[in-house]
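K.L.:
Sending over a structure as structure tokens; questions will come in a sec.
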Amino acid sequence: MRITTFTLFNQLTRSLNDNLRSMSKLSNMLSSGKKINNPSDDVSGMMKAMDYKVSINELEQFRRNIDEADSSLGFADTAMSSVTNALTRARELTVQGSTDSVSAENRAAIAKEIANLRDEIMSLANSKFKNKNIFSGVKTDTQAFDSSYNYQGDSGEVSVMIDHNATMALNIPGDDAFSSGGTSYMETLDDLYDALTNTSGTSADIRAYLDDLDDALEQTANVRADIGARMNHLDNRRSNLEERDVTLKTFLSEAEDTDIASTISEISKTELALESLRQSGAATLSKSLFDFLR
Amino acid sequence: MSLSGLFDIGKSAIFASQTALNVISNNIANVNTPGYSRHEAILEIANPVQINGNYVGRGIGNVDVRRHYDSFIHLQIIGQNQSYGKSFSLERGLSHIEQIFNEARGLGLATPLKDYFNAWQDLANNPEGTPQRTALLQTAQSVVQTAQQMEGDILDTVKEINNDIGNVVSDINTITSKISSLNEKIAQLEAGLSSEKASYFRDERDRQLNSLAELTDYSWYEDSSGRVSVLVAGRALINDQEAYELSTVVDNDGNRNVYLKGADITSGISKGQLGGLIAARTDIEDNSLHDLRKLVASITKEINAVHEDGYGLDGSTGNDFFEALQIYTRDYSSGGYVSSATVTSQAALTLDEYNITFTGASSYEVYNRQTDALVTSGTYTAGGTISFEGIAVVINGTPAADDHFLISPLSNVISDFSVAITDTQKIAAAASDPTTTSGPGDNGNALDIVELSQSGVSDLSDSTFDGYYQGIVSDIGIMSKAAQNSLTYDDNMRFELEKKRDEVSGVSMDEEAANLIKFQRMYQAAAKIITTADELMEMIINL
């Protein structure tokens, strides 16, 4: 094989170019921190990375939705806890007020407190969370109960997506949360107030409301159990989503992140190759027979 | 044998070494000239004379100068250059497009799409909230703008490719006229001679043929006069008489096509930069551009279908979220024209493009451009409506056989892509009327739209929007990768072939240095012969 001067030069420049190209690719991988900088660098890796990113993004949204449901249910739970306290106090007062020995003044005071409790529950039922009437079903722009204690909302549930094909209602319609047996708690307390202030009324009339109050307490307990179960479920979902998120992020990193140690060692290998090429090039190309003819 | 014979021998040696030194110097001078073929002085013994029964030499005879050249390698180089040229421009065109879809750097439509559907979820969490509604419209705008930006970039690349086609064609014309004039010089110089005497012109013509091969594929042959004829797409570009000019014509689609002597030869060019540019243009238009438009059309169609079913906060219903799809047409007919083309049913649209082809003056056939399937056919009456798959087209005038009309829901879909909703109250998050049957907390329809983003769409072969878009990115990645691989392969092959060519035709400095000494010594010795002969002659004269 004849080796010509042109071939020698070409071979050297090509080898230098090849090494410089891999050098630039490697340092690009290092500076961007990504081993995939173009789809064509690794099409299947890129597709995996895109899949992971879509899933991670979905999980983030689901977590946002869960937070939304969680805070709304938490608010409802606080309200219901106050309702429970109010109803418990109302029951105590009813027991006091229904004894025959209670004086007329005491009964009037009890009636007054019952009226306060009625108004407190009313304001809880009409409470707003993020400017929404959360106990009005989907009619969130309407107060749940009007001044004559009639439910104005509907039984609609506002659902949010907490996972693929999984939704969770973030509200409890007021006809569920604030009434038992078709009568709202406020109505019950209002009737009780009437009974307490009715001068011709008997203790038995007042005692009759104990059953209603027990029903109301049972109903609020049910509602709170329901809320608790939902919040529990949300917690489980959230930790499940967080676990999946960590796994997916690990996968994503494996798919697209640069392995820094191996890249740096690749770079030093390439540097070595470049250095030796330059030296051998300088040695072979600078000399020809002409240098020895004098 | 006389004493003067010594002078002759010396003289022939001096002339021969001079010629050889000339050849060597020329080789050295051209050591870095691409395409130069090494020459070598071939020395022959002069016919000896018979004196007293002995043959006595008469010095050196003819000095032949030979060009070291392998026509088979040259043939291979031309073929390789044609492949290289194609890979070169294909890779360049596709790598542009790849950058437009470079999801590795977060460019592209994936993020705006995610943001858009996330905004629907945020709206589902807070259906009565104005901030969520405003945010949704903003993310929708960003989907529109990104899609339009991407299409604009793709169209810019296609435009660049069309410009390049024009530039390459004018380069080809320059080269062919050079080859043609070299043809004449070679034929004149070599007229009546059997060997290839016009070697410098031949080197130059080889170089031009190599350059031409990088630009287009061609076949060629050399005739007995030494002229080469070049055929492109089976038509003569250069014959023994002259070179013909290639020209370009911009067609209805805005694409620049290549013509030779009045005939469109675009589809006949498959290699060289020209072939690469044409292939890149087709790849881009048929894949990335078409698929992106189809995705946008599908988003428009599917979102609108769900959105129309829902209710805004103000109780309005039946509203489109994005401007509804329209039909675009292009006439490839001199006598007939499309007077109207409308969508009769958005739901029935397949998002494919159609060709209405006339088989005669009064009969037409409708073909699906993507599947080539016959959709419908019928008898043409001017002004009559041709209906198929959710589209109604009215053609007027007098179309003739072989005329066709392009009917497409896609061609302008991205440039006309826009958000139809301006009033946030009209965003239909509710599944039933919030002013009567339900309330502002109703988020049923918003959830349906979120559902839509997570389920397969039949127009997109049951992919999700995300999945279909990933397919587009994957396709361009695969095409670009393949183009890079063939470019590397072709480049290496070309280098190997050039090394082979250099083995035969290249100049080696060491070899020339050795030869230089050899013929310098020959020259010195020949001069000594003449001095010696002169001394002998002097001796005789002084006798």
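Going through the structure tokens in order, the chains are called A, B, and so on, while each chain numbers its residues from 1 and the ligands are numbered from 1 in the order shown.
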List the neighbours of Thr342 of chain B out to 6 Å using only C-alpha atoms; skip same-chain residues closer than 3 positions along the sequence, and give me the result as a PyMOL selection string.
P.N.:
chain B and resi 327+391-392
K.L.:
Show me, as a VMD selection string, the residues of chain B whose atoms get within 7 Å of chain A, using only C-alpha atoms for the distance check.
P.N.:
chain B and resid 32 98 102 104 to 105 118 124 to 125 438 to 443 470 474 477 to 478 480 to 481 499 502 to 503 506 to 510 513
K.L.:
Using N, CA and C atoms, can you export the residues from the last selection as an mmCIF file, in the first residue's frame?
P.N.:
data_model
loop_
_atom_site.group_PDB
_atom_site.id
_atom_site.type_symbol
_atom_site.label_atom_id
_atom_site.label_comp_id
_atom_site.auth_asym_id
_atom_site.auth_seq_id
_atom_site.Cartn_x
_atom_site.Cartn_y
_atom_site.Cartn_z
ATOM 1 N N ASN B 32 -0.730 19.100 -2.657
ATOM 2 C CA ASN B 32 -1.955 19.390 -1.902
ATOM 3 C C ASN B 32 -3.154 19.707 -2.789
ATOM 4 N N GLU B 98 -35.701 18.558 14.220
ATOM 5 C CA GLU B 98 -35.540 17.896 15.511
ATOM 6 C C GLU B 98 -35.457 18.940 16.632
ATOM 7 N N ASN B 102 -37.529 19.534 20.218
ATOM 8 C CA ASN B 102 -36.548 19.050 21.188
ATOM 9 C C ASN B 102 -37.079 19.087 22.611
ATOM 10 N N ALA B 104 -36.074 17.362 24.914
ATOM 11 C CA ALA B 104 -34.981 17.225 25.881
ATOM 12 C C ALA B 104 -34.674 18.579 26.494
ATOM 13 N N ARG B 105 -34.925 19.643 25.756
ATOM 14 C CA ARG B 105 -34.684 20.979 26.315
ATOM 15 C C ARG B 105 -35.994 21.663 26.678
ATOM 16 N N ASN B 118 -53.974 20.552 33.026
ATOM 17 C CA ASN B 118 -53.905 20.798 34.472
ATOM 18 C C ASN B 118 -54.796 21.972 34.867
ATOM 19 N N ALA B 124 -61.703 22.332 37.766
ATOM 20 C CA ALA B 124 -62.611 21.345 38.356
ATOM 21 C C ALA B 124 -62.591 21.459 39.878
ATOM 22 N N ASN B 125 -61.422 21.782 40.433
ATOM 23 C CA ASN B 125 -61.338 21.950 41.890
ATOM 24 C C ASN B 125 -62.083 23.196 42.353
ATOM 25 N N SER B 438 -78.382 22.994 38.152
ATOM 26 C CA SER B 438 -77.320 22.728 39.119
ATOM 27 C C SER B 438 -76.833 24.056 39.676
ATOM 28 N N GLY B 439 -75.572 24.106 40.120
ATOM 29 C CA GLY B 439 -75.049 25.350 40.659
ATOM 30 C C GLY B 439 -73.645 25.589 40.154
ATOM 31 N N PRO B 440 -73.052 26.705 40.561
ATOM 32 C CA PRO B 440 -71.710 27.031 40.079
ATOM 33 C C PRO B 440 -70.644 26.035 40.530
ATOM 34 N N GLY B 441 -70.983 25.214 41.537
ATOM 35 C CA GLY B 441 -70.032 24.197 41.985
ATOM 36 C C GLY B 441 -69.985 22.998 41.062
ATOM 37 N N ASP B 442 -70.875 22.966 40.078
ATOM 38 C CA ASP B 442 -70.939 21.830 39.142
ATOM 39 C C ASP B 442 -69.686 21.817 38.284
ATOM 40 N N ASN B 443 -68.869 20.738 38.413
ATOM 41 C CA ASN B 443 -67.628 20.669 37.633
ATOM 42 C C ASN B 443 -67.615 19.456 36.716
ATOM 43 N N GLN B 470 -45.870 12.416 21.504
ATOM 44 C CA GLN B 470 -44.621 11.679 21.719
ATOM 45 C C GLN B 470 -44.229 10.910 20.471
ATOM 46 N N SER B 474 -40.804 11.071 18.561
ATOM 47 C CA SER B 474 -40.062 9.841 18.335
ATOM 48 C C SER B 474 -39.755 9.660 16.842
ATOM 49 N N GLY B 477 -37.030 11.965 15.826
ATOM 50 C CA GLY B 477 -35.780 11.489 16.429
ATOM 51 C C GLY B 477 -35.205 10.322 15.653
ATOM 52 N N ILE B 478 -36.090 9.372 15.289
ATOM 53 C CA ILE B 478 -35.629 8.190 14.557
ATOM 54 C C ILE B 478 -35.115 8.586 13.173
ATOM 55 N N SER B 480 -33.985 11.497 12.209
ATOM 56 C CA SER B 480 -32.761 12.277 12.336
ATOM 57 C C SER B 480 -31.583 11.370 12.676
ATOM 58 N N LYS B 481 -31.834 10.403 13.556
ATOM 59 C CA LYS B 481 -30.783 9.462 13.943
ATOM 60 C C LYS B 481 -30.328 8.665 12.716
ATOM 61 N N LYS B 499 -8.799 7.397 0.132
ATOM 62 C CA LYS B 499 -7.504 6.832 0.513
ATOM 63 C C LYS B 499 -7.027 5.868 -0.576
ATOM 64 N N ASP B 502 -5.899 7.774 -3.436
ATOM 65 C CA ASP B 502 -4.592 8.361 -3.146
ATOM 66 C C ASP B 502 -3.478 7.336 -3.245
ATOM 67 N N GLU B 503 -3.805 6.094 -2.879
ATOM 68 C CA GLU B 503 -2.816 5.027 -2.996
ATOM 69 C C GLU B 503 -2.296 4.965 -4.419
ATOM 70 N N GLY B 506 -2.182 9.574 -5.518
ATOM 71 C CA GLY B 506 -1.674 10.640 -4.659
ATOM 72 C C GLY B 506 -0.166 10.823 -4.748
ATOM 73 N N VAL B 507 0.318 11.976 -4.290
ATOM 74 C CA VAL B 507 1.738 12.289 -4.331
ATOM 75 C C VAL B 507 2.351 12.009 -2.960
ATOM 76 N N SER B 508 3.461 11.254 -2.953
ATOM 77 C CA SER B 508 4.193 11.044 -1.710
ATOM 78 C C SER B 508 5.478 11.862 -1.755
ATOM 79 N N MET B 509 5.637 12.732 -0.770
ATOM 80 C CA MET B 509 6.799 13.618 -0.744
ATOM 81 C C MET B 509 8.106 12.823 -0.689
ATOM 82 N N ASP B 510 8.123 11.750 0.111
ATOM 83 C CA ASP B 510 9.341 10.952 0.232
ATOM 84 C C ASP B 510 9.726 10.327 -1.093
ATOM 85 N N ALA B 513 11.040 12.956 -3.343
ATOM 86 C CA ALA B 513 12.389 13.370 -2.926
ATOM 87 C C ALA B 513 13.425 12.363 -3.432
#
K.L.:
May I ask which of the residues B:Ile449, B:Ala135, B:Leu6, B:Ala233 is the closest one to Ala526 of chain B, counting only C-alpha atoms?
P.N.:
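Checking each of B:Ile449, B:Ala135, B:Leu6, B:Ala233 against Ala526 of chain B, counting only C-alpha atoms, the winner is B:Leu6.
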K.L.:
List the neighbours of Thr33 of chain B out to 12 Å using only C-alpha atoms; skip same-chain residues closer than 3 positions along the sequence, and give me the result as a ChimeraX atom specification.
P.N.:
/A:5-6 /B:26-30,36-38,200,203-204,207,502,505-507
K.L.:
With distances taken over only C-alpha atoms, which of A:Thr88, A:Ser24, A:Thr247, A:Ser280 is nearest to Asp215 of chain A?
P.N.:
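Smallest separation from Asp215 of chain A among the options: A:Thr88.
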K.L.:
Would you please work out which residue, of A:Thr94, A:Gln143, A:Thr188, A:Thr197, is nearest to Ala108 of chain A when using only C-alpha atoms?
P.N.:
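Among the listed residues, the smallest separation from Ala108 of chain A belongs to A:Thr197.
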K.L.:
Write out as a list of chain:residue names which residues come within 12 Å of Gly254 of chain B when counting only C-alpha atoms, dropping same-chain ones fewer than 4 positions away.
P.N.:
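With the cut-off at 12 Å, the set is B:Leu155, B:Asp156, B:Val158, B:Lys159, B:Glu160, B:Ile161, B:Asn162, B:Asn163, B:Thr248, B:Val249, B:Val250, B:Arg281, B:Glu285, B:Arg330.
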